[in-house]
file coords.tsv (TSV, C-alpha atoms)
chain	number	residue	atom	x	y	z
A	1	MET	CA	33.34	74.59	94.11
A	2	ILE	CA	34.85	77.68	92.53
A	3	ARG	CA	38.06	79.48	93.54
A	4	SER	CA	36.37	81.75	96.07
A	5	ASP	CA	34.86	78.68	97.80
A	6	ILE	CA	38.36	77.21	98.13
A	7	ILE	CA	39.81	80.46	99.47
A	8	LYS	CA	37.04	80.59	102.07
A	9	THR	CA	38.00	77.12	103.33
A	10	LEU	CA	41.67	78.13	103.42
A	11	ILE	CA	41.30	81.13	105.74
A	12	PRO	CA	41.90	79.19	109.01
A	13	VAL	CA	44.86	77.32	107.45
A	14	LEU	CA	46.39	80.61	106.26
A	15	LYS	CA	46.03	82.41	109.60
A	16	ASP	CA	49.30	84.08	110.64
A	17	GLU	CA	51.12	82.52	107.66
A	18	LEU	CA	53.24	84.54	105.22
A	19	VAL	CA	51.06	84.45	102.11
A	20	VAL	CA	51.95	85.80	98.67
A	21	CYS	CA	48.78	85.99	96.61
A	22	ASN	CA	48.18	86.13	92.89
A	23	ILE	CA	47.02	89.15	90.89
A	24	GLY	CA	43.36	90.04	90.38
A	25	LEU	CA	40.41	88.27	91.90
A	26	PRO	CA	42.39	85.78	94.06
A	27	SER	CA	44.00	88.66	95.97
A	28	GLN	CA	40.69	90.53	96.14
A	29	GLU	CA	38.90	87.45	97.49
A	30	LEU	CA	41.63	86.78	100.06
A	31	HIS	CA	41.59	90.44	101.07
A	32	MET	CA	37.81	90.41	101.50
A	33	MET	CA	37.60	87.12	103.40
A	34	GLY	CA	40.81	87.01	105.40
A	35	ASP	CA	42.90	90.16	105.27
A	36	GLN	CA	45.93	90.06	107.59
A	37	PRO	CA	49.23	91.98	107.55
A	38	SER	CA	51.13	88.81	106.64
A	39	ASN	CA	49.34	88.71	103.25
A	40	PHE	CA	51.28	90.19	100.34
A	41	TYR	CA	48.87	91.11	97.57
A	42	MET	CA	50.71	91.10	94.25
A	43	LEU	CA	48.56	93.49	92.27
A	44	GLY	CA	50.21	94.10	88.93
A	45	THR	CA	52.62	91.46	87.64
A	46	MET	CA	50.80	88.39	86.43
A	47	GLY	CA	52.83	85.24	86.95
A	48	LEU	CA	55.25	86.45	89.59
A	49	ALA	CA	53.54	85.34	92.83
A	50	SER	CA	55.45	82.06	92.85
A	51	SER	CA	58.75	83.85	92.11
A	52	ILE	CA	58.21	86.38	94.90
A	53	GLY	CA	57.26	83.54	97.24
A	54	LEU	CA	60.35	81.51	96.37
A	55	GLY	CA	62.67	84.51	96.79
A	56	LEU	CA	61.12	85.13	100.20
A	57	ALA	CA	61.34	81.48	101.26
A	58	LEU	CA	65.01	81.23	100.27
A	59	THR	CA	66.06	84.29	102.27
A	60	GLN	CA	64.40	83.83	105.68
A	61	LYS	CA	63.34	80.88	107.80
A	62	GLU	CA	59.56	81.21	108.18
A	63	ARG	CA	57.12	79.27	106.00
A	64	VAL	CA	55.80	80.96	102.85
A	65	ILE	CA	52.60	79.98	101.02
A	66	ALA	CA	52.19	81.31	97.49
A	67	ILE	CA	48.67	81.16	96.10
A	68	ASP	CA	48.74	81.11	92.33
A	69	GLY	CA	46.43	80.25	89.44
A	70	ASP	CA	46.73	78.03	86.40
A	71	GLY	CA	46.76	81.00	84.03
A	72	SER	CA	49.50	82.75	85.99
A	73	ILE	CA	51.65	79.63	86.16
A	74	LEU	CA	51.30	79.29	82.39
A	75	THR	CA	52.36	82.94	82.01
A	76	ASN	CA	55.56	82.30	84.00
A	77	LEU	CA	56.12	78.60	83.34
A	78	GLY	CA	59.86	79.12	83.84
A	79	THR	CA	59.15	79.45	87.56
A	80	LEU	CA	58.71	75.67	87.99
A	81	PRO	CA	62.28	74.64	87.06
A	82	THR	CA	63.60	77.45	89.25
A	83	ILE	CA	61.53	76.20	92.18
A	84	ALA	CA	62.51	72.58	91.54
A	85	ASN	CA	66.23	73.36	91.47
A	86	ASN	CA	66.29	75.74	94.46
A	87	VAL	CA	64.56	73.67	97.09
A	88	ALA	CA	63.13	75.62	100.03
A	89	ASP	CA	61.35	73.33	102.46
A	90	ASN	CA	59.59	76.35	103.95
A	91	PHE	CA	57.82	76.96	100.63
A	92	ILE	CA	54.40	75.76	99.50
A	93	LEU	CA	53.03	76.68	96.09
A	94	LEU	CA	49.26	76.28	95.89
A	95	ILE	CA	47.98	76.51	92.32
A	96	ILE	CA	44.22	76.93	92.21
A	97	ASP	CA	43.45	75.46	88.81
A	98	ASN	CA	40.03	76.41	87.51
A	99	GLY	CA	41.04	75.95	83.89
A	100	SER	CA	40.39	79.59	83.12
A	101	TYR	CA	41.63	83.16	83.29
A	102	GLY	CA	39.10	84.09	85.97
A	103	SER	CA	39.94	87.75	86.47
A	104	THR	CA	39.53	88.58	82.79
A	105	GLY	CA	36.22	86.84	82.14
A	106	ASP	CA	36.85	83.10	82.40
A	107	GLN	CA	38.59	82.54	79.08
A	108	ALA	CA	39.81	78.94	78.91
A	109	THR	CA	43.46	78.14	79.70
A	110	TYR	CA	45.38	75.19	78.31
A	111	ALA	CA	45.49	73.78	81.85
A	112	GLY	CA	41.76	73.18	81.47
A	113	LYS	CA	42.43	71.28	78.25
A	114	LYS	CA	45.28	68.84	77.56
A	115	THR	CA	47.98	70.33	79.80
A	116	SER	CA	48.43	68.95	83.32
A	117	LEU	CA	50.24	71.42	85.56
A	118	ALA	CA	50.95	68.65	88.08
A	119	ALA	CA	52.69	66.66	85.35
A	120	VAL	CA	54.56	69.77	84.20
A	121	ALA	CA	55.73	70.49	87.77
A	122	SER	CA	56.93	66.90	88.16
A	123	ALA	CA	58.69	67.00	84.79
A	124	CYS	CA	60.42	70.21	85.89
A	125	GLY	CA	61.87	68.33	88.83
A	126	CYS	CA	59.60	69.33	91.70
A	127	ASP	CA	59.86	66.42	94.15
A	128	THR	CA	56.51	66.70	95.94
A	129	VAL	CA	53.56	67.50	93.70
A	130	ILE	CA	50.01	66.79	94.83
A	131	GLU	CA	46.89	67.23	92.73
A	132	CYS	CA	43.69	67.42	94.75
A	133	GLN	CA	40.03	68.18	94.30
A	134	ALA	CA	38.65	71.53	95.46
A	135	GLU	CA	37.01	70.23	98.64
A	136	ASP	CA	40.26	68.61	99.79
A	137	THR	CA	42.42	71.72	99.34
A	138	ALA	CA	42.46	72.94	102.95
A	139	ALA	CA	43.36	69.48	104.29
A	140	THR	CA	46.03	69.05	101.61
A	141	LEU	CA	47.54	72.44	102.47
A	142	GLN	CA	47.52	71.58	106.18
A	143	ALA	CA	49.26	68.27	105.42
A	144	ALA	CA	51.87	70.09	103.34
A	145	LYS	CA	52.49	72.48	106.25
A	146	ASP	CA	52.89	69.54	108.62
A	147	SER	CA	55.27	67.72	106.25
A	148	GLY	CA	57.96	70.43	106.33
A	149	LYS	CA	58.73	69.64	102.69
A	150	MET	CA	58.54	71.97	99.72
A	151	THR	CA	55.23	71.07	98.13
A	152	ILE	CA	53.42	72.03	94.95
A	153	ILE	CA	49.64	71.60	95.23
A	154	VAL	CA	47.39	71.75	92.18
A	155	ALA	CA	43.79	72.16	93.39
A	156	LYS	CA	41.25	71.50	90.65
A	157	CYS	CA	38.01	73.49	90.77
A	158	GLU	CA	35.23	74.92	88.65
A	159	SER	CA	35.48	78.17	86.78
A	160	GLY	CA	33.48	81.14	88.10
A	161	ASN	CA	33.67	84.32	90.13
A	162	ILE	CA	31.86	86.26	92.84
A	163	PRO	CA	31.64	90.06	93.11
A	164	VAL	CA	34.52	91.43	95.22
A	165	PRO	CA	35.75	94.95	95.94
A	166	VAL	CA	39.12	96.09	94.59
A	167	ILE	CA	42.02	96.44	97.01
A	168	GLU	CA	42.61	100.10	97.82
A	169	LEU	CA	45.76	99.65	99.91
A	170	ASP	CA	48.82	101.45	98.51
A	171	GLY	CA	51.70	99.24	97.37
A	172	PRO	CA	54.21	100.52	99.95
A	173	VAL	CA	51.60	100.00	102.71
A	174	ILE	CA	51.08	96.37	101.65
A	175	LYS	CA	54.84	95.88	101.54
A	176	HIS	CA	55.55	97.65	104.82
A	177	ARG	CA	53.06	95.76	106.93
A	178	PHE	CA	54.13	92.50	105.28
A	179	MET	CA	57.83	93.14	105.98
A	180	GLU	CA	57.03	94.00	109.60
A	181	GLU	CA	55.38	90.56	109.89
A	182	VAL	CA	58.41	88.89	108.28
A	183	LYS	CA	60.65	90.61	110.85
A	184	ARG	CA	58.37	89.78	113.76
A	185	LYS	CA	58.11	86.12	112.84
A	186	ASN	CA	61.87	85.80	112.27
A	187	ALA	CA	62.82	87.61	115.48
B	1	MET	CA	91.95	92.72	89.10
B	2	SER	CA	89.41	92.21	86.30
B	3	VAL	CA	86.26	94.34	86.18
B	4	SER	CA	84.27	91.13	86.69
B	5	ASP	CA	86.07	90.44	89.97
B	6	GLN	CA	85.65	94.07	90.99
B	7	ILE	CA	81.88	93.86	90.42
B	8	VAL	CA	81.62	90.72	92.59
B	9	ASP	CA	83.80	92.35	95.27
B	10	SER	CA	81.58	95.42	95.28
B	11	LEU	CA	78.44	93.29	95.65
B	12	VAL	CA	79.94	91.46	98.60
B	13	ARG	CA	81.31	94.63	100.19
B	14	ASN	CA	77.82	96.15	100.03
B	15	LYS	CA	76.19	93.06	101.57
B	16	VAL	CA	74.30	92.06	98.44
B	17	GLU	CA	73.42	88.52	99.49
B	18	PHE	CA	70.91	87.49	96.81
B	19	VAL	CA	71.79	87.66	93.12
B	20	THR	CA	69.77	86.39	90.19
B	21	THR	CA	71.15	86.26	86.67
B	22	VAL	CA	70.15	85.72	83.07
B	23	PRO	CA	73.30	85.10	81.06
B	24	CYS	CA	75.13	87.31	78.60
B	25	LYS	CA	78.54	86.41	77.19
B	26	GLN	CA	80.06	89.57	78.67
B	27	LEU	CA	78.70	88.73	82.13
B	28	GLY	CA	80.03	85.19	82.24
B	29	ASP	CA	82.81	85.81	84.75
B	30	VAL	CA	80.54	87.88	87.01
B	31	ILE	CA	77.97	85.10	87.03
B	32	ASP	CA	80.66	82.51	87.82
B	33	GLY	CA	81.99	84.79	90.56
B	34	CYS	CA	78.55	85.12	92.16
B	35	GLU	CA	77.98	81.37	91.96
B	36	ALA	CA	81.34	80.68	93.63
B	37	HIS	CA	81.20	83.28	96.41
B	38	PRO	CA	80.08	81.90	99.80
B	39	ASP	CA	78.42	85.19	100.83
B	40	ILE	CA	76.13	85.32	97.78
B	41	MET	CA	73.06	83.17	97.17
B	42	HIS	CA	72.92	82.87	93.39
B	43	VAL	CA	69.60	81.79	91.87
B	44	PRO	CA	69.63	81.77	88.06
B	45	SER	CA	66.40	82.91	86.38
B	46	ASN	CA	64.84	81.70	83.16
B	47	LYS	CA	63.58	85.18	82.29
B	48	GLU	CA	64.33	88.58	83.72
B	49	ASP	CA	60.83	89.37	85.00
B	50	GLU	CA	60.92	86.12	86.96
B	51	GLY	CA	64.24	87.28	88.38
B	52	MET	CA	62.73	90.57	89.48
B	53	GLY	CA	60.02	88.62	91.29
B	54	LEU	CA	62.69	86.59	93.09
B	55	CYS	CA	64.48	89.83	94.02
B	56	ALA	CA	61.26	91.34	95.40
B	57	GLY	CA	60.83	88.29	97.63
B	58	ALA	CA	64.46	88.40	98.75
B	59	TRP	CA	64.16	92.09	99.68
B	60	MET	CA	61.07	91.40	101.76
B	61	GLY	CA	62.95	88.47	103.30
B	62	GLY	CA	65.57	90.91	104.56
B	63	LYS	CA	68.34	90.45	101.98
B	64	ARG	CA	69.80	92.97	99.55
B	65	PRO	CA	69.05	91.68	96.04
B	66	ALA	CA	70.55	92.42	92.63
B	67	ILE	CA	69.85	91.26	89.08
B	68	ILE	CA	72.47	90.77	86.39
B	69	MET	CA	71.19	90.70	82.81
B	70	GLN	CA	71.50	91.99	79.26
B	71	ASN	CA	69.95	95.29	78.09
B	72	THR	CA	67.43	93.43	75.90
B	73	ALA	CA	65.78	92.58	79.23
B	74	ILE	CA	64.58	96.16	79.60
B	75	GLY	CA	62.15	95.39	76.79
B	76	VAL	CA	60.98	92.28	78.64
B	77	THR	CA	60.51	93.85	82.06
B	78	VAL	CA	58.80	97.22	81.57
B	79	ASN	CA	55.63	96.12	83.36
B	80	THR	CA	57.50	94.40	86.18
B	81	LEU	CA	59.74	97.41	86.82
B	82	SER	CA	56.68	99.64	86.93
B	83	SER	CA	54.07	97.44	88.63
B	84	LEU	CA	56.27	95.55	91.07
B	85	THR	CA	59.60	97.25	91.78
B	86	GLN	CA	58.34	100.83	91.54
B	87	PHE	CA	54.73	100.35	92.77
B	88	TYR	CA	55.92	98.75	96.02
B	89	ASN	CA	59.01	101.01	96.42
B	90	MET	CA	61.61	98.25	96.28
B	91	PRO	CA	65.31	98.71	95.58
B	92	LEU	CA	66.80	96.77	92.67
B	93	PRO	CA	70.28	97.27	91.28
B	94	MET	CA	70.39	96.02	87.70
B	95	ILE	CA	73.89	95.36	86.41
B	96	ILE	CA	73.34	95.30	82.67
B	97	SER	CA	75.57	94.34	79.79
B	98	TYR	CA	74.92	97.09	77.26
B	99	ARG	CA	75.07	95.27	73.95
B	100	GLY	CA	74.82	97.03	70.60
B	101	GLU	CA	77.10	99.93	71.48
B	102	ILE	CA	80.29	100.91	69.60
B	103	GLY	CA	82.43	97.83	69.04
B	104	GLU	CA	79.43	95.49	68.74
B	105	ARG	CA	79.76	92.84	66.05
B	106	VAL	CA	76.19	91.57	65.96
B	107	ALA	CA	74.01	94.11	64.13
B	108	ILE	CA	70.72	93.07	65.72
B	109	GLN	CA	72.03	94.03	69.17
B	110	ALA	CA	71.90	97.69	68.10
B	111	GLU	CA	68.13	97.48	67.75
B	112	MET	CA	67.48	97.24	71.51
B	113	ALA	CA	70.56	99.35	72.29
B	114	VAL	CA	68.90	102.42	70.79
B	115	HIS	CA	65.76	101.82	72.88
B	116	THR	CA	67.52	101.09	76.16
B	117	LYS	CA	68.16	104.60	77.49
B	118	PRO	CA	64.84	106.04	76.20
B	119	LEU	CA	62.93	103.21	77.93
B	120	LEU	CA	64.83	103.73	81.19
B	121	ALA	CA	64.23	107.48	80.97
B	122	GLN	CA	60.52	106.95	80.26
B	123	LEU	CA	60.31	104.73	83.34
B	124	GLY	CA	62.10	107.33	85.46
B	125	ILE	CA	64.82	104.85	86.38
B	126	GLN	CA	68.11	106.24	87.70
B	127	THR	CA	70.69	105.20	85.13
B	128	TYR	CA	74.50	105.09	85.10
B	129	HIS	CA	76.67	104.24	82.08
B	130	PHE	CA	80.03	102.56	82.63
B	131	HIS	CA	82.19	103.18	79.54
B	132	GLU	CA	85.74	103.09	80.97
B	133	PRO	CA	86.97	100.27	83.22
B	134	ASP	CA	87.69	102.89	85.91
B	135	ASP	CA	83.98	103.74	86.06
B	136	ILE	CA	83.68	100.72	88.35
B	137	ARG	CA	84.78	103.01	91.20
B	138	ASP	CA	81.23	104.36	91.37
B	139	LEU	CA	79.57	100.98	91.91
B	140	ASP	CA	79.76	101.04	95.72
B	141	SER	CA	78.04	104.42	95.80
B	142	ILE	CA	75.44	103.36	93.25
B	143	LEU	CA	74.53	100.25	95.24
B	144	ASN	CA	74.29	102.27	98.42
B	145	HIS	CA	72.14	104.88	96.68
B	146	THR	CA	69.84	102.20	95.26
B	147	TYR	CA	69.00	100.65	98.64
B	148	MET	CA	68.68	104.08	100.26
B	149	THR	CA	66.22	105.31	97.62
B	150	ARG	CA	64.26	102.01	97.40
B	151	LYS	CA	64.24	102.35	93.62
B	152	PRO	CA	65.45	100.31	90.68
B	153	THR	CA	68.79	101.46	89.25
B	154	ALA	CA	70.32	100.58	85.89
B	155	VAL	CA	74.09	100.26	85.52
B	156	LEU	CA	74.78	99.97	81.79
B	157	THR	CA	78.18	98.41	81.09
B	158	ASP	CA	79.23	98.76	77.46
B	159	SER	CA	81.76	96.92	75.30
B	160	ASN	CA	84.52	99.42	76.00
B	161	PHE	CA	84.09	98.90	79.75
B	162	TRP	CA	84.63	95.18	79.28
B	163	GLY	CA	87.71	95.75	77.13
B	164	GLY	CA	86.08	95.01	73.78
B	165	TYR	CA	84.84	91.76	72.33

call {"tool": "encode", "arguments": {"input": "coords.tsv", "output": "structure tokens"}}
result
Amino acid sequence: MIRSDIIKTLIPVLKDELVVCNIGLPSQELHMMGDQPSNFYMLGTMGLASSIGLGLALTQKERVIAIDGDGSILTNLGTLPTIANNVADNFILLIIDNGSYGSTGDQATYAGKKTSLAAVASACGCDTVIECQAEDTAATLQAAKDSGKMTIIVAKCESGNIPVPVIELDGPVIKHRFMEEVKRKNA
Amino acid sequence: MSVSDQIVDSLVRNKVEFVTTVPCKQLGDVIDGCEAHPDIMHVPSNKEDEGMGLCAGAWMGGKRPAIIMQNTAIGVTVNTLSSLTQFYNMPLPMIISYRGEIGERVAIQAEMAVHTKPLLAQLGIQTYHFHEPDDIRDLDSILNHTYMTRKPTAVLTDSNFWGGY
């Protein structure tokens, strides 16, 4: 399975959830397969999906799922200690780890070599870290939702991409409809 | 009352409930004040762009955010200010220790000092420079203006404002 196969299996599990999605193809795939107003597509700041997700989880009560990639986590590796030390049990970080920078042409990342992001997350102090295989991702995410505990999931999959259209929504439109969902769910 | 205490008071008075910080020696008392105040959630960042991500999430979560950092961070965060804070129309007060100005003792600090205002101007970021301790009187209005405009705002606080090194 490649990342887009995982995202396809996640759509029912993500329904009506507050989702903060990673730059590039992950957001484009999520937008194509399961657009909803409670998706925040982070379009231009590689590495910050987990930070945005944590900030959101710490400041309101509804569950937040951040979908990130191995390359983006490596870009903002400082996010993991911040997450570990500011526990938000309404926060799930799903790292889809295909061992490559998918959006830029599948260049290899160090996560596909010697570096284990699950081990890094644990070393940073994250209490619940689960590494799973691609086909088990949806079930693992559902279990993390049910647990009510802050969870870091590292889902291992193959490298590769499918053709997807770019997202043509304006930034303030993405933000506005997302914030309306945050308000509605917290009301 | 010290300028540090006045900054924390202004944040609280303006309902700034989420503050992230990357340390600078000059900002030490402000950071301690944020950490200690019951009305402020203080989440330290490892790098300023990470902090701006946290602030974006906090804003969408319904809280007024602010970041406290050194001016060298402007060099770190150009893309984030442009592609996150500005692209999505989010407010972000940045209370910045302006190192490398008159009175500075560490020569290298002047290198980013000379780029700070040109970078902010190039980014079209509304910028205020606190040089005298009394300049603090404008902070309430600046915070209010920042949230009203949904834009990032830089408040540069130089050595003279802090009473020298």

call {"tool": "atom_distance", "arguments": {"input": "coords.tsv", "atom1": "CA of Ala107 in chain B", "atom2": "CA of Asn76 in chain A"}}
result
29.6 Å

call {"tool": "interface_residues", "arguments": {"input": "coords.tsv", "of": "chain B", "to": "chain A", "cutoff": "9 Å", "atoms": "all atoms listed in the file", "output": "MDAnalysis selection string"}}
result
chainID B and resid 17:18 41 43:47 49:63 79:80 82:84 86:90

call {"tool": "closest_residue", "arguments": {"input": "coords.tsv", "among": "A:Pro165, A:Pro26, A:Pro12, A:Gly34", "to": "Asn98 in chain A", "atoms": "all atoms listed in the file"}}
result
A:Pro26

call {"tool": "atom_distance", "arguments": {"input": "coords.tsv", "atom1": "CA of Asp70 in chain A", "atom2": "CA of Val166 in chain A"}}
result
21.2 Å

call {"tool": "axis_aligned_box", "arguments": {"input": "coords.tsv", "around": "range 47-60 of chain A", "padding_each_side": "8 Å", "output": "JSON"}}
result
{"center_x": 59.4, "center_y": 83.8, "center_z": 96.3, "size_x": 29.2, "size_y": 21.2, "size_z": 34.7}

call {"tool": "residues_around", "arguments": {"input": "coords.tsv", "residues": "Thr157 in chain B", "least_positions_apart": "3", "cutoff": "7 Å", "atoms": "only C-alpha atoms", "output": "list of chain:residue names"}}
result
B:Ile96, B:Ser97, B:Tyr98, B:His129, B:Phe130, B:His131, B:Phe161

call {"tool": "atom_distance", "arguments": {"input": "coords.tsv", "atom1": "CA of Ile125 in chain B", "atom2": "CA of Met112 in chain B"}}
result
16.9 Å

call {"tool": "closest_residue", "arguments": {"input": "coords.tsv", "among": "A:Asp89, A:Glu29, A:Asp146, A:Asp35", "to": "Asp16 in chain A", "atoms": "only C-alpha atoms"}}
result
A:Asp35
